[in-house]
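Data block below; observations after.
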Amino acid sequence: MATRCFRCARLLSRTPIGRNASRLLSSENNETGIEDTVAGAKISHGVDFGFEKVADSAEKQSRVNDVFSSVANTYDVMNDVMSFGIHRAWKDEFVRTARSVAGMKILDMAGGTGDIAFRLDRLCPGLEITVGDISPEMLQVGKDRAKAQDLTHINWIVADGMNLPFPDALFDLYTVSFGIRNYGDLSKGLSEAFRVLKPGGRFLCLEFTNVETPVIKELYDAYSFELIPVFGALIAGDWNSYQYLVESIRKFPSKEDFKGMIEDAGFKSVEYSSLPPGVCAVHWGYKLWN
């Protein structure tokens, strides 16, 4: 009987469910202080890349770049599939929250495919929008979509969120949608957002977050870990990238912790609002005059 159970356990460990369970347990152990072992050496520090630990923020950013280079051409289709189209409503609400007015200078970071930029432009013509993304492949998708819609006034630039190629106090609004969790160094990215905003400027972020309702959390975890990577493999031909994206959501700070990080970067009047069904939230804050 014991031998049969052992064989069953070994077989389960080879399935996606078994592998994901092992990774989840490993992640929980790391969070409680248990050290990783790599090539016989124990390590207890590093930067999260999903549930993995990598050496530093530069390595994380390099691997994130590889992920988005891989998924660029199917990214928008996968967003529809993964969220059953709900991401469109989330983004519409996010853009309405921006309260933009004509003449504003807006930096939309991690916005390569143009989803937020196009919505901002439709809602309020006359904006000066710059889309920044570290992935040239994602930007090319956005440029092609803009050309198809004859939107020639939107600027597109390869930009690292941790080292923005802009002078201080240039923009009225900094937006980032489902991208900031991929920054190699989140605190540095927030500091850069603060730097490039004008006094009175606003930071606005839409991102996945911790789910607080137990039933929704259980369903969401099961769907995320067992189906989203499968969709990635079937539609985009890429299981690993979508496995990382799922894991990166679980490693992102809670709503309250992220609020604290935004405040630590210098922003004032920081608040947040969850969007139904509670898997993502909008955070905002202001750069006030000294």
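Each chain of the structure tokens is named A, B, ... in the order shown, its residues numbered from 1; ligands are numbered from 1 in display order.
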
Which polymer residues have any atom within 8 Å of an atom of Lys259 (chain A), counting only C-alpha atoms, with same-chain residues fewer than 3 positions away left out, as a count of residues only?
-> 8

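Excluding Leu123 (chain A) and any residue on its chain fewer than 3 positions from it, the residues at most 8 Å away by only C-alpha atoms are A:Arg96, A:Arg119, A:Leu120.
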
Written selection (N, CA, C and O atoms) as a compact mmCIF listing (two decimals), in the first residue's frame:
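result.txt was written with the following content:
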```
# COMPACT_ATOMS: atom_id res chain seq x y z
N ARG A 96 -11.11 56.52 -17.13
CA ARG A 96 -12.05 57.51 -16.61
C ARG A 96 -11.52 58.11 -15.30
O ARG A 96 -11.69 59.31 -15.04
N ARG A 119 -7.29 54.60 -25.44
CA ARG A 119 -8.46 54.94 -24.64
C ARG A 119 -8.39 56.39 -24.15
O ARG A 119 -9.40 57.11 -24.18
N LEU A 120 -7.23 56.80 -23.68
CA LEU A 120 -7.06 58.19 -23.24
C LEU A 120 -7.34 59.15 -24.39
O LEU A 120 -8.01 60.18 -24.21
```

What are the nearest atom pairs, with distances in Å to one decimal, for all residues of region 148-261 of chain A that come at most 10 Å from region 59-62 of chain A, using only C-alpha atoms, set out by chain and rising residue number as JSON lines?
```
{"residue": "A:Asp160", "atom": "CA", "partner": "A:Gln61", "partner_atom": "CA", "distance": 9.2}
{"residue": "A:Met162", "atom": "CA", "partner": "A:Gln61", "partner_atom": "CA", "distance": 9.7}
{"residue": "A:Asn182", "atom": "CA", "partner": "A:Gln61", "partner_atom": "CA", "distance": 7.5}
{"residue": "A:Tyr183", "atom": "CA", "partner": "A:Gln61", "partner_atom": "CA", "distance": 6.6}
{"residue": "A:Gly184", "atom": "CA", "partner": "A:Gln61", "partner_atom": "CA", "distance": 4.8}
{"residue": "A:Asp185", "atom": "CA", "partner": "A:Gln61", "partner_atom": "CA", "distance": 8.5}
```

Using only C-alpha atoms, which residues sit within 8 Å of Gly142 (chain A) once same-chain residues fewer than 6 positions away are excluded, as a PyMOL selection string?
-> chain A and resi 112-114

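A straight line drawn from CA of Val67 (chain A) to CA of Ile154 (chain A) is 25.1 Å long.
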
Within 10 Å of region 102-111 of chain A: each region 179-230 of chain A residue with its shortest pair, only C-alpha atoms, as CSV:
```
residue,atom,partner,partner_atom,distance
A:Gly179,CA,A:Ala110,CA,5.3
A:Ile180,CA,A:Ala110,CA,7.3
A:Asn182,CA,A:Ala110,CA,9.0
A:Tyr183,CA,A:Ala110,CA,9.3
A:Ala193,CA,A:Leu107,CA,9.2
A:Val196,CA,A:Leu107,CA,9.1
A:Leu197,CA,A:Leu107,CA,9.1
A:Lys198,CA,A:Lys105,CA,9.8
A:Gly201,CA,A:Ile106,CA,9.7
A:Arg202,CA,A:Ile106,CA,9.7
A:Phe203,CA,A:Leu107,CA,9.8
A:Leu204,CA,A:Asp108,CA,9.6
A:Cys205,CA,A:Met109,CA,9.8
```

Shell of 12 Å around Val77 (chain A), only C-alpha atoms, local chain residues under 3 positions omitted, as a ChimeraX atom specification | /A:71-74,80-85,87-88,113,231-232,235-236

Run DSSP on the backbone and grab whatever in region 222-265 of chain A lands in alpha helix (DSSP H); send it over as an NGL selection string.
-> :A and (222-226 or 228-231 or 239-251 or 255-264)

DSSP strand (DSSP E) residues within region 111-277 of chain A, as a ChimeraX atom specification | /A:128-133,155-158,171-177,197-208,268-275

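Considering the residues A:Asn79, A:Ser241, A:Ser224, A:Thr97 and counting only C-alpha atoms, Asn65 (chain A) has its shortest atom-to-atom contact with A:Ser241.
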
Shell around Lys287 (chain A) at 6 Å using only C-alpha atoms, local window under 4 positions removed, as an NGL selection string = :A and (199-201 or 267)

Hey, can you spit out that residue selection with N, CA and C atoms as a CSV table (one decimal), in the first residue's frame?
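Resulting contents of selection.csv:
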```
chain,number,residue,atom,x,y,z
A,199,PRO,N,5.1,69.2,-10.3
A,199,PRO,CA,4.4,69.4,-9.0
A,199,PRO,C,2.9,69.6,-9.3
A,200,GLY,N,2.1,68.9,-8.6
A,200,GLY,CA,0.7,68.8,-8.9
A,200,GLY,C,0.3,67.6,-9.8
A,201,GLY,N,1.3,67.0,-10.3
A,201,GLY,CA,1.1,65.8,-11.2
A,201,GLY,C,0.6,64.6,-10.4
A,267,PHE,N,4.9,60.5,-2.8
A,267,PHE,CA,3.5,60.9,-3.2
A,267,PHE,C,2.6,61.1,-2.0
```

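The space between CA of Phe225 (chain A) and CA of Val279 (chain A) spans 14.5 Å.
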